[in-house]
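Chemist: Before we start, here is the structure in question, set down as structure tokens.
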Amino acid sequence: MAEWRVVTPTADILEEPVSGKQNIGRRESQMLYGELFHVKKIKNDFAEGHSVHDNYEGYVALAQLRESPSPATHRVRVRSSHIYPAPDFKTRPLAALSFGSLLTLREHEPEKGFVQVENDVWIFKSHLEAVSAQHPDFTATALRFLETPYLYGGRSSFGIDCSGLVQIAVQAAGIACPRDTDQQLAAFQKSVEIGDIKRGDLVYFPGHVGIMVDREN
């Protein structure tokens, strides 16, 4: 049908169109504000389709999506930021956005350090970078998420899992990266000797993945 944009800080991709399930499904993920979801069809209060950035299939609540033809121009470059109803940090923020969230910058001059983005909201200019920006040291990107709580299926600074951390960090380096551990292993698998391990290597063990900070950790 069309590509719809996430309009909430995060939006869960569910295995089935059911709200309020106690357990998270094995094949579920999360999208960030501004990311695109390709909608194939509408089923009750859910859109069925796949995320554009990694083709992850499932269902997203319609309330978290909006049709938006405007392409994103910038993304949040800091661990988290806020959007405001006015260019004033003393106004009550509307929402918190995670690293990697996507926004469309309005053609206005900055005001008090803020810039206006779509939906007539404001964000600190220094918290944004162009969507084309890359961070080659994805280990450094991953380290920004230190002390982020673990959340199975999560991909944000509010909660993240091991493969979500790898995906966010690797994609920020301009490298395509699938979502789940088994998919990443298939995409990046390469055997190396223990003595040859270096910073930035991905290491896999049953059900998990990590990024080497140096030769020993």
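Following the order of the structure tokens, first chain is A, next is B, and so on, with residues numbered from 1 inside each chain and ligands from 1 in the order they appear.
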Just list the residues in chain A DSSP gives helix (DSSP H, G or I) on the backbone, as a PyMOL selection string.
Modeler: chain A and resi 62-64+118-120+125-127+138-143+162-172+181-188+194-196
Chemist: I want to know what sits within 8 Å of Phe46 in chain A, based on only C-alpha atoms, with residues of the same chain fewer than 2 positions away left out; could you give that as a list in words?
Modeler: Pro17, Ile42, Lys43, Asn44, Glu48, Tyr59, Val60, Ala61 and Leu62 of chain A
Chemist: Kindly save the residues from that selection, with N, CA, C and O atoms included, as an mmCIF file, in the first residue's frame.
Modeler:
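Saved the output as out24.cif:
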```cif
data_model
loop_
_atom_site.group_PDB
_atom_site.id
_atom_site.type_symbol
_atom_site.label_atom_id
_atom_site.label_comp_id
_atom_site.auth_asym_id
_atom_site.auth_seq_id
_atom_site.Cartn_x
_atom_site.Cartn_y
_atom_site.Cartn_z
ATOM 1 N N PRO A 17 -1.402 -9.558 15.421
ATOM 2 C CA PRO A 17 -2.090 -8.309 15.763
ATOM 3 C C PRO A 17 -2.922 -8.419 17.041
ATOM 4 O O PRO A 17 -4.147 -8.415 17.017
ATOM 5 N N ILE A 42 -4.359 -3.409 6.179
ATOM 6 C CA ILE A 42 -4.833 -3.003 7.497
ATOM 7 C C ILE A 42 -5.707 -4.122 8.044
ATOM 8 O O ILE A 42 -6.581 -4.650 7.346
ATOM 9 N N LYS A 43 -5.452 -4.501 9.286
ATOM 10 C CA LYS A 43 -6.254 -5.530 9.933
ATOM 11 C C LYS A 43 -6.682 -5.016 11.294
ATOM 12 O O LYS A 43 -5.872 -4.906 12.209
ATOM 13 N N ASN A 44 -7.973 -4.663 11.391
ATOM 14 C CA ASN A 44 -8.515 -4.060 12.606
ATOM 15 C C ASN A 44 -7.707 -2.810 12.968
ATOM 16 O O ASN A 44 -7.633 -1.890 12.193
ATOM 17 N N GLU A 48 -0.279 -4.443 8.806
ATOM 18 C CA GLU A 48 0.601 -5.569 8.533
ATOM 19 C C GLU A 48 1.600 -5.173 7.465
ATOM 20 O O GLU A 48 1.243 -4.530 6.475
ATOM 21 N N TYR A 59 3.288 -6.830 12.680
ATOM 22 C CA TYR A 59 2.155 -5.915 12.813
ATOM 23 C C TYR A 59 2.521 -4.750 13.729
ATOM 24 O O TYR A 59 3.162 -4.946 14.761
ATOM 25 N N VAL A 60 2.090 -3.551 13.351
ATOM 26 C CA VAL A 60 2.296 -2.359 14.163
ATOM 27 C C VAL A 60 0.946 -1.694 14.392
ATOM 28 O O VAL A 60 0.129 -1.593 13.464
ATOM 29 N N ALA A 61 0.705 -1.232 15.613
ATOM 30 C CA ALA A 61 -0.556 -0.562 15.920
ATOM 31 C C ALA A 61 -0.710 0.693 15.065
ATOM 32 O O ALA A 61 0.208 1.499 14.955
ATOM 33 N N LEU A 62 -1.882 0.854 14.469
ATOM 34 C CA LEU A 62 -2.133 2.009 13.606
ATOM 35 C C LEU A 62 -1.948 3.321 14.348
ATOM 36 O O LEU A 62 -1.538 4.320 13.760
#
```
Chemist: For Thr139 in chain A, work out the shell of residues within 8 Å, counting only C-alpha atoms and skipping chain neighbours fewer than 3 positions away, then give it as a list of chain:residue names.
Modeler: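 Result of the neighbour search: A:Ala142, A:Leu143, A:Ala169, A:Arg199, A:Gly200, A:Ile211, A:Met212, A:Val213.
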Chemist: Taking into account only C-alpha atoms, which residue in the set A:Leu202, A:Ile197, A:Val192, A:Val7 is nearest to Leu165 in chain A?
Modeler: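 Of all the options, A:Leu202 lies closest to Leu165 in chain A.
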Chemist: With only C-alpha atoms as the atoms that count, which of A:Glu147, A:Leu14, A:His108, A:Glu28 lies nearest to Ala47 in chain A?
Modeler: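 Closest residue, counting only C-alpha atoms: A:Leu14.
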